[in-house]
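Student: My structure is in upload.tsv, and what it holds is TSV, C-alpha atoms:
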chain	number	residue	atom	x	y	z
A	135	MET	CA	-2.08	26.92	25.57
A	136	LYS	CA	-3.94	25.32	28.45
A	137	GLY	CA	-4.15	22.03	30.30
A	138	TRP	CA	-2.82	19.02	28.43
A	139	LEU	CA	-1.09	21.04	25.71
A	140	VAL	CA	0.76	23.18	28.25
A	141	GLY	CA	2.34	20.03	29.68
A	142	VAL	CA	3.48	18.80	26.28
A	143	THR	CA	4.75	22.25	25.26
A	144	SER	CA	6.67	22.72	28.51
A	145	LEU	CA	8.36	19.37	28.14
A	146	LEU	CA	9.36	20.17	24.59
A	147	LEU	CA	10.75	23.58	25.52
A	148	SER	CA	12.79	22.08	28.34
A	149	SER	CA	14.22	19.49	25.98
A	150	LEU	CA	15.78	21.85	23.44
A	151	ALA	CA	19.29	20.58	24.04
A	152	ILE	CA	21.39	17.62	23.06
A	153	ALA	CA	19.36	14.46	23.65
A	154	GLY	CA	20.71	11.04	24.45
A	155	PRO	CA	19.99	8.05	22.23
A	156	ALA	CA	16.44	6.77	22.39
A	157	THR	CA	15.55	3.29	23.56
A	158	VAL	CA	13.68	1.39	20.85
A	159	SER	CA	11.71	-1.68	21.89
A	160	GLU	CA	8.79	-3.33	20.08
A	161	VAL	CA	5.05	-3.81	20.24
A	162	VAL	CA	3.92	-6.99	18.49
A	163	TYR	CA	0.57	-8.45	17.45
A	164	LYS	CA	0.53	-12.07	16.36
A	165	GLN	CA	-2.71	-13.70	15.28
A	166	GLN	CA	-3.71	-16.79	17.19
A	167	GLY	CA	-2.33	-19.88	15.52
A	168	GLU	CA	0.16	-17.97	13.35
A	169	SER	CA	3.92	-18.34	13.79
A	170	TYR	CA	4.83	-14.94	12.35
A	171	ASN	CA	4.22	-11.37	13.53
A	172	ARG	CA	1.23	-9.80	11.82
A	173	TYR	CA	2.03	-6.30	13.05
A	174	ARG	CA	5.31	-5.31	14.70
A	175	LEU	CA	5.97	-1.64	15.45
A	176	PRO	CA	8.75	0.20	17.29
A	177	TRP	CA	8.12	1.75	20.67
A	178	VAL	CA	10.41	4.66	21.54
A	179	THR	CA	11.28	5.82	25.05
A	180	GLN	CA	13.48	8.73	26.15
A	181	ASN	CA	13.79	9.03	29.91
A	182	ASP	CA	15.20	12.55	29.62
A	183	ASN	CA	12.67	13.66	27.00
A	184	PRO	CA	9.29	11.86	27.14
A	185	ALA	CA	7.56	14.50	25.01
A	186	SER	CA	9.89	13.79	22.10
A	187	ALA	CA	9.26	10.04	22.40
A	188	LYS	CA	5.50	10.65	22.54
A	189	ARG	CA	5.59	12.62	19.29
A	190	ILE	CA	7.61	9.89	17.56
A	191	ASN	CA	5.27	7.15	18.76
A	192	ASP	CA	2.21	9.15	17.79
A	193	PHE	CA	3.69	9.74	14.32
A	194	ILE	CA	4.31	6.02	13.79
A	195	PHE	CA	0.99	4.78	15.15
A	196	SER	CA	-1.08	7.46	13.43
A	197	ARG	CA	0.60	6.92	10.03
A	198	PHE	CA	0.84	3.14	9.98
A	199	ALA	CA	-1.72	1.79	12.47
A	200	GLN	CA	-4.25	4.58	11.75
A	201	GLN	CA	-4.77	5.02	15.49
A	202	LEU	CA	-3.03	6.72	18.39
A	203	SER	CA	-1.29	4.29	20.72
A	204	GLY	CA	-3.02	5.45	23.89
A	205	ALA	CA	-1.85	4.64	27.40
A	206	ASP	CA	-1.40	0.93	26.59
A	207	PRO	CA	0.16	0.52	23.12
A	208	GLN	CA	0.08	-3.28	23.34
A	209	ALA	CA	-3.64	-3.34	24.05
A	210	THR	CA	-4.19	-0.83	21.26
A	211	LEU	CA	-2.22	-2.89	18.74
A	212	ASN	CA	-4.04	-6.05	19.83
A	213	ARG	CA	-7.38	-4.39	19.17
A	214	ILE	CA	-6.20	-3.00	15.83
A	215	GLY	CA	-4.74	-6.36	14.87
A	216	GLN	CA	-7.99	-8.19	15.56
A	217	GLN	CA	-9.87	-5.72	13.39
A	218	GLY	CA	-7.14	-5.50	10.74
A	219	ILE	CA	-5.58	-2.35	9.30
A	220	GLU	CA	-7.21	-1.31	6.05
A	221	GLN	CA	-5.09	-2.35	3.03
A	222	THR	CA	-2.18	-3.34	5.30
A	223	ALA	CA	-1.44	-7.05	5.58
A	224	SER	CA	1.61	-6.73	7.83
A	225	LEU	CA	3.98	-4.24	9.46
A	226	ASP	CA	7.57	-4.67	10.57
A	227	PHE	CA	10.50	-2.35	11.26
A	228	GLU	CA	14.27	-2.05	11.44
A	229	LEU	CA	16.35	0.41	13.44
A	230	VAL	CA	18.71	2.21	11.05
A	231	ASN	CA	20.33	4.97	13.15
A	232	ASN	CA	20.15	6.08	16.78
A	233	LYS	CA	22.90	8.57	17.54
A	234	ASN	CA	23.90	12.24	17.29
A	235	ASN	CA	20.37	13.47	18.07
A	236	ILE	CA	18.89	11.57	15.11
A	237	LEU	CA	16.73	8.45	15.15
A	238	THR	CA	16.06	6.68	11.83
A	239	ILE	CA	13.54	3.83	11.58
A	240	ASN	CA	12.37	1.93	8.54
A	241	ILE	CA	8.73	0.79	8.77
A	242	ILE	CA	8.27	-2.12	6.36
A	243	ALA	CA	4.64	-2.32	5.27
A	244	GLU	CA	2.95	-4.92	3.13
A	245	GLY	CA	0.12	-3.10	1.41
A	246	CYS	CA	-2.63	-4.99	-0.39
A	247	GLY	CA	-4.99	-3.80	-3.08
A	248	ALA	CA	-5.43	-5.83	-6.25
A	249	TYR	CA	-2.23	-7.58	-5.10
A	250	CYS	CA	0.19	-7.22	-2.20
A	251	GLU	CA	3.45	-5.27	-2.29
A	252	THR	CA	6.07	-4.59	0.36
A	253	TYR	CA	7.26	-1.01	0.82
A	254	SER	CA	10.05	0.57	2.85
A	255	ASN	CA	9.18	3.75	4.74
A	256	TYR	CA	12.37	5.31	6.11
A	257	THR	CA	11.81	8.16	8.55
A	258	SER	CA	14.35	10.19	10.53
A	259	PHE	CA	13.42	12.03	13.73
A	260	ASP	CA	15.01	14.89	15.64
A	261	LEU	CA	15.41	13.49	19.16
A	262	THR	CA	15.17	16.92	20.82
A	263	THR	CA	11.63	17.60	19.59
A	264	GLY	CA	10.45	14.28	18.16
A	265	ALA	CA	9.70	15.97	14.83
A	266	ASN	CA	10.25	13.88	11.72
A	267	ILE	CA	12.89	15.29	9.37
A	268	ASP	CA	12.03	16.04	5.75
A	269	LEU	CA	14.66	16.99	3.20
A	270	ASP	CA	13.40	20.56	2.86
A	271	ASP	CA	13.74	20.95	6.65
A	272	ILE	CA	17.52	20.62	6.47
A	273	ILE	CA	18.53	21.61	2.92
A	274	SER	CA	18.00	24.92	1.08
A	275	PRO	CA	15.54	24.77	-1.88
A	276	PRO	CA	18.15	25.24	-4.66
A	277	THR	CA	20.19	22.39	-3.18
A	278	VAL	CA	17.14	20.11	-3.11
A	279	THR	CA	16.86	20.64	-6.87
A	280	GLN	CA	20.57	19.90	-7.26
A	281	LEU	CA	20.29	16.72	-5.17
A	282	ASN	CA	17.38	15.55	-7.29
A	283	GLN	CA	19.58	15.80	-10.39
A	284	GLN	CA	22.37	13.89	-8.62
A	285	VAL	CA	19.99	11.09	-7.62
A	286	LYS	CA	18.57	10.88	-11.14
A	287	SER	CA	22.10	10.62	-12.53
A	288	ASP	CA	22.98	7.91	-10.00
A	289	ILE	CA	19.90	5.86	-10.95
A	290	ARG	CA	20.85	6.10	-14.63
A	291	HIS	CA	24.37	4.98	-13.70
A	292	GLN	CA	23.02	1.98	-11.77
A	293	ILE	CA	20.83	0.98	-14.72
A	294	THR	CA	23.67	1.39	-17.23
A	295	ALA	CA	26.14	-0.60	-15.11
A	296	PHE	CA	23.63	-3.40	-14.63
A	297	ILE	CA	22.80	-3.62	-18.36
A	298	GLU	CA	26.49	-3.69	-19.28
A	299	ALA	CA	27.14	-6.44	-16.74
A	300	GLN	CA	24.24	-8.48	-18.12
A	301	ASN	CA	25.38	-7.99	-21.72
A	302	ASN	CA	28.86	-9.25	-20.82
A	303	LEU	CA	27.61	-12.51	-19.31
A	304	PRO	CA	27.98	-15.76	-21.26
A	305	LEU	CA	24.75	-16.77	-22.96
A	306	GLU	CA	24.10	-19.61	-20.53
A	307	GLN	CA	24.21	-17.16	-17.58
A	308	LYS	CA	21.92	-14.51	-19.06
A	309	VAL	CA	18.48	-14.11	-17.50
A	310	LYS	CA	15.75	-15.69	-19.61
A	311	ASP	CA	12.00	-15.32	-19.66
A	312	GLU	CA	10.07	-18.12	-21.35
A	313	GLY	CA	13.26	-19.21	-23.08
A	314	GLU	CA	14.15	-15.77	-24.44
A	315	VAL	CA	17.04	-13.66	-23.16
A	316	VAL	CA	15.64	-10.63	-21.33
A	317	ASP	CA	16.41	-7.34	-23.11
A	318	TYR	CA	17.23	-5.22	-20.08
A	319	GLN	CA	17.79	-2.15	-22.25
A	320	GLN	CA	14.11	-2.31	-23.11
A	321	PHE	CA	13.14	-3.57	-19.64
A	322	TYR	CA	14.44	-0.39	-17.97
A	323	ALA	CA	13.66	2.03	-20.83
A	324	ASP	CA	10.66	3.63	-19.12
A	325	CYS	CA	12.54	3.95	-15.86
A	326	TRP	CA	15.46	5.62	-17.62
A	327	ALA	CA	13.09	8.00	-19.43
A	328	MET	CA	11.48	9.00	-16.13
A	329	THR	CA	14.82	10.20	-14.78
A	330	MET	CA	14.92	12.70	-17.66
A	331	ASP	CA	11.51	14.15	-16.76
A	332	ASP	CA	10.57	16.72	-14.13
A	333	VAL	CA	9.98	14.12	-11.43
A	334	SER	CA	11.20	14.16	-7.84
A	335	PHE	CA	13.43	11.27	-6.80
A	336	VAL	CA	14.26	12.72	-3.37
A	337	ASN	CA	10.93	12.24	-1.60
A	338	LYS	CA	12.06	9.16	0.32
A	339	PHE	CA	15.06	10.22	2.33
A	340	PHE	CA	16.78	9.48	5.62
A	341	LEU	CA	19.95	10.29	7.53
A	342	ASP	CA	22.49	7.58	8.33
A	343	ASN	CA	26.14	7.79	9.41
A	344	GLY	CA	26.91	11.18	7.90
A	345	GLN	CA	25.07	10.51	4.66
A	346	LEU	CA	21.84	11.57	3.02
A	347	VAL	CA	20.30	8.34	1.74
A	348	PHE	CA	17.61	8.40	-0.96
A	349	ASN	CA	15.43	5.37	-1.56
A	350	ASN	CA	13.40	4.89	-4.75
A	351	GLU	CA	11.08	2.03	-5.63
A	352	ARG	CA	11.91	-0.53	-8.28
A	353	CYS	CA	11.05	0.16	-11.91
A	354	SER	CA	9.22	-3.07	-12.68
A	355	ASN	CA	5.52	-3.70	-12.26
A	356	HIS	CA	4.13	-6.51	-10.15
A	357	ALA	CA	3.99	-9.00	-13.02
A	358	SER	CA	7.64	-8.60	-13.99
A	359	ARG	CA	9.25	-8.03	-10.61
A	360	ALA	CA	10.85	-11.50	-10.63
A	361	LEU	CA	13.03	-10.33	-13.55
A	362	ASP	CA	14.01	-7.08	-11.86
A	363	ASP	CA	17.38	-7.86	-10.29
A	364	LEU	CA	18.08	-4.19	-9.59
A	365	GLY	CA	15.08	-3.81	-7.29
A	366	GLU	CA	14.95	-0.63	-5.22
A	367	PHE	CA	17.44	2.15	-5.94
A	368	THR	CA	19.55	3.50	-3.10
A	369	SER	CA	21.61	6.67	-3.62
A	370	LYS	CA	23.97	8.05	-0.97
A	371	ILE	CA	25.40	11.57	-0.77
A	372	PRO	CA	27.89	12.43	2.01
A	373	VAL	CA	26.96	15.35	4.24
A	374	SER	CA	30.52	16.63	3.79
A	375	GLU	CA	29.71	17.47	0.14
A	376	LEU	CA	26.96	19.92	1.22
A	377	THR	CA	28.86	22.38	3.39
A	378	GLY	CA	27.11	25.75	3.48
A	379	GLN	CA	23.92	24.42	1.90
A	380	PHE	CA	21.98	23.55	5.05
A	381	THR	CA	19.10	25.45	6.61
A	382	PRO	CA	19.73	26.80	10.14
A	383	PHE	CA	17.88	23.75	11.52
A	384	GLY	CA	19.92	21.36	9.36
A	385	GLN	CA	23.20	23.07	10.24
A	386	ASN	CA	22.43	22.84	13.95
A	387	LEU	CA	21.16	19.27	13.82
A	388	ILE	CA	23.74	17.68	11.52
A	389	ILE	CA	26.87	19.84	11.59
A	390	ASP	CA	27.06	21.90	14.78
A	391	ARG	CA	25.25	19.60	17.24
A	392	ALA	CA	25.25	22.51	19.66
A	393	LYS	CA	24.08	22.35	23.26
A	394	THR	CA	20.99	24.33	22.32
A	395	SER	CA	18.67	23.29	19.53
A	396	VAL	CA	17.15	25.16	16.60
A	397	SER	CA	13.47	24.34	16.12
A	398	PRO	CA	12.47	22.63	12.86
A	399	PRO	CA	10.87	24.89	10.23
A	400	ALA	CA	7.24	25.78	10.77
A	401	LYS	CA	4.97	23.70	8.60
A	402	LEU	CA	1.86	21.56	8.75
A	403	SER	CA	2.69	18.86	6.21
A	404	GLY	CA	4.51	15.79	7.44
A	405	ARG	CA	4.37	16.75	11.10
A	406	THR	CA	2.59	15.21	14.06
A	407	LEU	CA	1.21	18.26	15.86
A	408	TYR	CA	-0.73	18.76	19.09
A	409	GLY	CA	-3.53	21.20	19.61
A	410	THR	CA	-6.70	22.21	21.42
A	411	LEU	CA	-10.22	22.20	20.00
A	412	GLY	CA	-12.54	24.60	21.76
A	413	SER	CA	-11.38	25.55	25.23
A	414	LYS	CA	-9.88	22.27	26.42
A	415	THR	CA	-10.26	19.26	24.08
A	416	PRO	CA	-6.80	17.91	23.12
A	417	ILE	CA	-6.37	16.71	19.54
A	418	VAL	CA	-3.52	15.41	17.38
A	419	LEU	CA	-3.11	16.45	13.73
A	420	SER	CA	-1.16	14.27	11.30
A	421	VAL	CA	-1.37	15.23	7.61
A	422	SER	CA	0.95	15.28	4.59
A	423	CYS	CA	1.04	16.95	1.18
A	424	SER	CA	1.34	14.78	-1.92
A	425	HIS	CA	0.86	16.02	-5.49
A	426	ASN	CA	-0.54	19.31	-4.12
A	427	TYR	CA	-3.20	17.63	-2.00
A	428	ILE	CA	-3.40	17.05	1.74
A	429	HIS	CA	-4.15	13.59	3.06
A	430	GLY	CA	-4.18	12.55	6.69
A	431	ALA	CA	-6.29	12.70	9.78
A	432	TYR	CA	-6.92	14.29	13.12
A	433	PHE	CA	-7.50	12.41	16.36
A	434	TYR	CA	-9.19	13.19	19.65
A	435	ALA	CA	-6.45	12.33	22.13
A	436	GLN	CA	-8.95	10.72	24.52
A	437	TYR	CA	-10.20	8.22	21.94
A	438	GLY	CA	-7.34	7.84	19.42
A	439	ALA	CA	-9.42	6.89	16.37
A	440	GLN	CA	-8.57	8.69	13.13
A	441	ILE	CA	-10.91	11.14	11.43
A	442	GLU	CA	-9.72	11.41	7.84
A	443	LEU	CA	-8.98	14.81	6.33
A	444	ASN	CA	-8.47	16.03	2.77
A	445	GLY	CA	-7.53	19.41	1.37
A	446	LYS	CA	-5.32	21.43	-0.93
A	447	CYS	CA	-1.67	22.09	-0.12
A	448	GLN	CA	-0.37	25.65	0.08
A	449	SER	CA	3.11	27.00	-0.52
A	450	ASP	CA	5.49	27.54	2.38
A	451	SER	CA	4.94	31.27	2.04
A	452	ASN	CA	1.14	30.90	2.22
A	453	GLN	CA	0.55	28.71	5.24
A	454	SER	CA	-3.23	28.74	5.31
A	455	TYR	CA	-5.20	25.53	4.97
A	456	THR	CA	-8.76	24.35	4.57
A	457	MET	CA	-9.33	20.65	5.27
A	458	THR	CA	-12.54	18.68	5.34
A	459	THR	CA	-13.92	15.34	6.31
A	460	ALA	CA	-16.44	13.92	3.87
A	461	SER	CA	-19.68	12.03	4.15
A	462	GLY	CA	-20.54	11.19	0.55
A	463	ASP	CA	-20.22	14.45	-1.37
A	464	ILE	CA	-20.93	16.62	1.67
A	465	ALA	CA	-18.18	17.97	3.92
A	466	ALA	CA	-19.17	16.83	7.42
A	467	GLU	CA	-16.47	18.83	9.21
A	468	GLN	CA	-14.21	21.66	8.09
A	469	ILE	CA	-10.93	22.82	9.59
A	470	GLU	CA	-9.39	26.16	8.66
A	471	LEU	CA	-5.89	27.01	9.88
A	472	ARG	CA	-3.39	29.79	9.31
A	473	LEU	CA	0.14	30.15	10.71
A	474	LYS	CA	0.19	33.16	13.02
A	475	ASP	CA	2.53	34.10	15.87
A	476	GLY	CA	4.31	30.75	15.79
A	477	ILE	CA	1.22	28.55	15.99
A	478	TYR	CA	-1.56	27.46	13.65
A	479	GLN	CA	-4.81	29.19	14.58
A	480	GLY	CA	-8.23	28.75	13.08
A	481	THR	CA	-11.60	27.10	13.44
A	482	TRP	CA	-13.37	23.75	13.36
A	483	SER	CA	-16.94	23.80	12.10
A	484	SER	CA	-19.70	21.24	11.58
A	485	ASN	CA	-23.50	21.44	11.28
A	486	GLY	CA	-23.54	25.16	11.98
A	487	LYS	CA	-21.30	24.89	15.05
A	488	THR	CA	-17.91	26.63	15.08
A	489	LEU	CA	-15.13	26.22	17.64
A	490	PRO	CA	-11.67	27.79	17.88
A	491	LEU	CA	-8.73	25.54	17.04
A	492	VAL	CA	-5.08	26.01	17.99
A	493	ILE	CA	-2.25	23.75	16.75
A	494	ASP	CA	1.21	24.15	18.29
A	495	LEU	CA	4.57	23.62	16.58
A	496	PRO	CA	7.41	21.38	17.83
Please, can you express the file's structure as structure tokens?

Tutor:
Amino acid sequence: MKGWLVGVTSLLLSSLAIAGPATVSEVVYKQQGESYNRYRLPWVTQNDNPASAKRINDFIFSRFAQQLSGADPQATLNRIGQQGIEQTASLDFELVNNKNNILTINIIAEGCGAYCETYSNYTSFDLTTGANIDLDDIISPPTVTQLNQQVKSDIRHQITAFIEAQNNLPLEQKVKDEGEVVDYQQFYADCWAMTMDDVSFVNKFFLDNGQLVFNNERCSNHASRALDDLGEFTSKIPVSELTGQFTPFGQNLIIDRAKTSVSPPAKLSGRTLYGTLGSKTPIVLSVSCSHNYIHGAYFYAQYGAQIELNGKCQSDSNQSYTMTTASGDIAAEQIELRLKDGIYQGTWSSNGKTLPLVIDLP
């Protein structure tokens, strides 16, 4: 690695030890004449580990503001706010956890398409590297399957308990819709059926006070959400129940909390990664896999604007990727990467021009 990336890498390597709590402040954009915050995002600082804080801030800005923060995050958010973020009416956040080397933040986004909905986006970060923590980073694959069954069972229990409580209410206290008592057995039938299918309910996960917390969206559609008193489903599983089922990274991060750190597993999806295009151009890569497809973007660090990428996800054992930008039906740029010798190496190509590309790991 050379230049800019060497500095980031050196800082990260020097920080592989117990980190102190981060300081979380805020960056706010409020439209002129409005009394409420249009966009409010966290801003993380770590005096003893600025590289970790940079990765966290780049993750948040790239995922939710669709732009790197740059040297002046307030000026960047002001510019973004004036232009508007595509399909995002507002952003807010809450600090959930900030201790024991783990930072958890919930970004609350109001997304608008045909109608507007508010979504919670809980993310936990390893404060030694700044890498976000996915469930498969800390838990062995068989245990992930087991946890999915536990969460499904808990959701069914929550539905059953709610229906029983509603059935036991006096008639005058039962929820009514257009004068008719709501049949919650039928109301939640599809949701119940989904928990019996091969569907993952552990995608939204965070760490908080010695617990794995799983968050799942409500069952009701937009039109009937006023009748959905259950709302989002939250399932909590104590870390103490999972002894011996952690990955080396998870064991070190959550259980041992040793003076030296184990790096998070090598992977492209879900990470904010730094790299070099050509001989010296610094870039940031931020992509995720969903339903076997890659969605995300890369950014030239100097400019910070996103360049959208799409591609096909690979298995953990086959870490080679081809991602493209698109102009109509024609791929304008293509990125090919393969994990080799602890880094992602490959090429960027466009209009007959090919340059080497190197992406480092946290």

Student: If I take atom CA of Gln436 of chain A and atom CA of Pro496 of chain A, how far is one from the other in Å, to one decimal?

Tutor: 20.6 Å

Student: Identify, on the basis of all atoms listed in the file, every residue whose closest approach to Pro372 of chain A does not exceed 10 Å; exclude the query and any residue fewer than 2 positions from it along the same chain; express the result as a list in words.

Tutor: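 What passes the distance filter is Leu341, Asp342, Asn343, Gly344, Gln345, Leu346, Val347, Lys370, Ser374, Glu375 and Leu376 of chain A.
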
Student: Taking only C-alpha atoms into account, which of A:Leu402, A:Ile214, A:Leu411, A:Ile267 comes nearest Leu489 of chain A?

Tutor: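 Among the listed residues, the smallest separation from Leu489 of chain A belongs to A:Leu411.
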
Student: Excluding segment 290-295 of chain A and its own-chain neighbours fewer than 6 positions away, which residues fall within 10 Å of it when counting only C-alpha atoms? Please give them as a CSV table (one decimal) with C-alpha atoms, in the frame of the given file.

Tutor:
chain,number,residue,atom,x,y,z
A,284,GLN,CA,22.4,13.9,-8.6
A,301,ASN,CA,25.4,-8.0,-21.7
A,318,TYR,CA,17.2,-5.2,-20.1
A,319,GLN,CA,17.8,-2.2,-22.2
A,322,TYR,CA,14.4,-0.4,-18.0
A,323,ALA,CA,13.7,2.0,-20.8
A,325,CYS,CA,12.5,4.0,-15.9
A,326,TRP,CA,15.5,5.6,-17.6
A,327,ALA,CA,13.1,8.0,-19.4
A,328,MET,CA,11.5,9.0,-16.1
A,329,THR,CA,14.8,10.2,-14.8
A,330,MET,CA,14.9,12.7,-17.7
A,364,LEU,CA,18.1,-4.2,-9.6
A,367,PHE,CA,17.4,2.2,-5.9
A,368,THR,CA,19.6,3.5,-3.1
A,369,SER,CA,21.6,6.7,-3.6

Student: Produce a table with one row for each residue of segment 272-301 of chain A that has an atom at most 6 Å from any atom of segment 377-398 of chain A, each row naming the nearest atom pair and its distance in Å at one decimal; use all atoms listed in the file; arrange rows by chain and rising residue number; format as a tab-separated table.

Tutor:
residue	atom	partner	partner_atom	distance
A:Ile272	CA	A:Gly384	CA	3.8
A:Ile273	CA	A:Phe380	CA	4.5
A:Ser274	CA	A:Thr381	CA	5.7

Student: Using only C-alpha atoms, pick whichever of A:Ile241, A:Ile190, A:Ala199, A:Val230 has the shortest atom-to-atom distance to Leu407 of chain A.

Tutor: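 Under the stated criterion, the closest residue is A:Ile190.
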
Student: Could you jot down the atom CA of Asn240 of chain A to atom CA of Phe340 of chain A separation for me, Å, one decimal place?

Tutor: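 Interatomic distance here is 9.2 Å.
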
Student: Would you mind reading off the distance between atom CA of Tyr256 of chain A and atom CA of Thr238 of chain A, one decimal, in Å?

Tutor: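 Answer for the atom CA of Tyr256 of chain A to atom CA of Thr238 of chain A separation: 6.9 Å.
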
Student: Considering all atoms listed in the file, return as a PyMOL selection string whatever protein or nucleic-acid residues lie within 6 Å of Ser483 of chain A, sequence-local ones (same chain, fewer than 5 positions apart) excluded.

Tutor: chain A and resi 467-468+488

Student: For Pro155 of chain A, find every residue with an atom within 9 Å (counting all atoms listed in the file), except residues of its own chain fewer than 2 positions away, and show them as a VMD selection string.

Tutor: chain A and resid 153 157 180 232 to 237 261

Student: Store the residues picked out above in a file with C-alpha atoms, as a CSV table (one decimal), keeping the file's coordinate frame.

Tutor:
chain,number,residue,atom,x,y,z
A,153,ALA,CA,19.4,14.5,23.6
A,157,THR,CA,15.6,3.3,23.6
A,180,GLN,CA,13.5,8.7,26.2
A,232,ASN,CA,20.2,6.1,16.8
A,233,LYS,CA,22.9,8.6,17.5
A,234,ASN,CA,23.9,12.2,17.3
A,235,ASN,CA,20.4,13.5,18.1
A,236,ILE,CA,18.9,11.6,15.1
A,237,LEU,CA,16.7,8.4,15.2
A,261,LEU,CA,15.4,13.5,19.2

Student: Using only C-alpha atoms, can you list as an mmCIF file with C-alpha atoms, keeping the file's coordinate frame the residues within 9 Å of (-1.0, 5.4, 16.2)?

Tutor:
data_model
loop_
_atom_site.group_PDB
_atom_site.id
_atom_site.type_symbol
_atom_site.label_atom_id
_atom_site.label_comp_id
_atom_site.auth_asym_id
_atom_site.auth_seq_id
_atom_site.Cartn_x
_atom_site.Cartn_y
_atom_site.Cartn_z
ATOM 1 C CA ASN A 191 5.270 7.150 18.760
ATOM 2 C CA ASP A 192 2.210 9.150 17.790
ATOM 3 C CA PHE A 193 3.690 9.740 14.320
ATOM 4 C CA ILE A 194 4.310 6.020 13.790
ATOM 5 C CA PHE A 195 0.990 4.780 15.150
ATOM 6 C CA SER A 196 -1.080 7.460 13.430
ATOM 7 C CA ARG A 197 0.600 6.920 10.030
ATOM 8 C CA PHE A 198 0.840 3.140 9.980
ATOM 9 C CA ALA A 199 -1.720 1.790 12.470
ATOM 10 C CA GLN A 200 -4.250 4.580 11.750
ATOM 11 C CA GLN A 201 -4.770 5.020 15.490
ATOM 12 C CA LEU A 202 -3.030 6.720 18.390
ATOM 13 C CA SER A 203 -1.290 4.290 20.720
ATOM 14 C CA GLY A 204 -3.020 5.450 23.890
ATOM 15 C CA PRO A 207 0.160 0.520 23.120
ATOM 16 C CA THR A 210 -4.190 -0.830 21.260
ATOM 17 C CA LEU A 211 -2.220 -2.890 18.740
ATOM 18 C CA GLY A 438 -7.340 7.840 19.420
ATOM 19 C CA ALA A 439 -9.420 6.890 16.370
ATOM 20 C CA GLN A 440 -8.570 8.690 13.130
#

Student: With all atoms listed in the file as the basis for distance, which of A:Phe296, A:Phe339, A:Tyr455, A:Tyr253 is at the shortest distance from Asp270 of chain A?

Tutor: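 Closest residue, counting all atoms listed in the file: A:Phe339.
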
Student: Near Ser403 of chain A, within 8 Å and counting only C-alpha atoms, which residues show up once chain neighbours fewer than 4 positions away are dropped, as a PDB file with C-alpha atoms, keeping the file's coordinate frame?

Tutor:
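Writing done, so here's out-v3.pdb:
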ATOM      1  CA  SER A 420      -1.160  14.270  11.300  1.00  0.00           C
ATOM      2  CA  VAL A 421      -1.370  15.230   7.610  1.00  0.00           C
ATOM      3  CA  SER A 422       0.950  15.280   4.590  1.00  0.00           C
ATOM      4  CA  CYS A 423       1.040  16.950   1.180  1.00  0.00           C
ATOM      5  CA  ILE A 428      -3.400  17.050   1.740  1.00  0.00           C
TER       6      ILE A 428
END

Student: Give the answer as one residue: which of A:Ser454, A:Thr277, A:Thr406, A:Ser358 has the shortest atom-to-atom distance to Val418 of chain A, using all atoms listed in the file?

Tutor: A:Thr406

Student: Find, counting all atoms listed in the file, the residue in A:Ile297, A:Ile242, A:Ile469, A:Leu303 that gets nearest to Asp317 of chain A.

Tutor: A:Ile297

Student: Taking all atoms listed in the file into account, name the residue in A:Arg189, A:Asn282, A:Gly480, A:Val158 that is nearest to Thr263 of chain A.

Tutor: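 For Thr263 of chain A, the nearest of the candidates is A:Arg189.
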
Student: Output requested as a PDB file, in the frame of the given file - segment 375-384 of chain A, filled out with N, CA and C atoms.

Tutor:
ATOM      1  N   GLU A 375      29.764  16.827   1.454  1.00  0.00           N
ATOM      2  CA  GLU A 375      29.710  17.470   0.140  1.00  0.00           C
ATOM      3  C   GLU A 375      28.743  18.665   0.110  1.00  0.00           C
ATOM      4  N   LEU A 376      28.031  18.914   1.213  1.00  0.00           N
ATOM      5  CA  LEU A 376      26.960  19.920   1.220  1.00  0.00           C
ATOM      6  C   LEU A 376      27.238  21.068   2.164  1.00  0.00           C
ATOM      7  N   THR A 377      28.493  21.295   2.484  1.00  0.00           N
ATOM      8  CA  THR A 377      28.860  22.380   3.390  1.00  0.00           C
ATOM      9  C   THR A 377      28.298  23.722   2.903  1.00  0.00           C
ATOM     10  N   GLY A 378      27.650  24.432   3.811  1.00  0.00           N
ATOM     11  CA  GLY A 378      27.110  25.750   3.480  1.00  0.00           C
ATOM     12  C   GLY A 378      25.761  25.710   2.793  1.00  0.00           C
ATOM     13  N   GLN A 379      25.190  24.533   2.614  1.00  0.00           N
ATOM     14  CA  GLN A 379      23.920  24.420   1.900  1.00  0.00           C
ATOM     15  C   GLN A 379      22.773  23.954   2.793  1.00  0.00           C
ATOM     16  N   PHE A 380      23.017  23.972   4.108  1.00  0.00           N
ATOM     17  CA  PHE A 380      21.980  23.550   5.050  1.00  0.00           C
ATOM     18  C   PHE A 380      21.152  24.729   5.533  1.00  0.00           C
ATOM     19  N   THR A 381      19.918  24.456   5.923  1.00  0.00           N
ATOM     20  CA  THR A 381      19.100  25.450   6.610  1.00  0.00           C
ATOM     21  C   THR A 381      19.661  25.624   8.018  1.00  0.00           C
ATOM     22  N   PRO A 382      19.263  26.658   8.752  1.00  0.00           N
ATOM     23  CA  PRO A 382      19.730  26.800  10.140  1.00  0.00           C
ATOM     24  C   PRO A 382      19.423  25.561  10.982  1.00  0.00           C
ATOM     25  N   PHE A 383      18.241  24.976  10.796  1.00  0.00           N
ATOM     26  CA  PHE A 383      17.880  23.750  11.520  1.00  0.00           C
ATOM     27  C   PHE A 383      18.809  22.606  11.128  1.00  0.00           C
ATOM     28  N   GLY A 384      19.040  22.424   9.835  1.00  0.00           N
ATOM     29  CA  GLY A 384      19.920  21.360   9.360  1.00  0.00           C
ATOM     30  C   GLY A 384      21.346  21.542   9.835  1.00  0.00           C
TER      31      GLY A 384
END
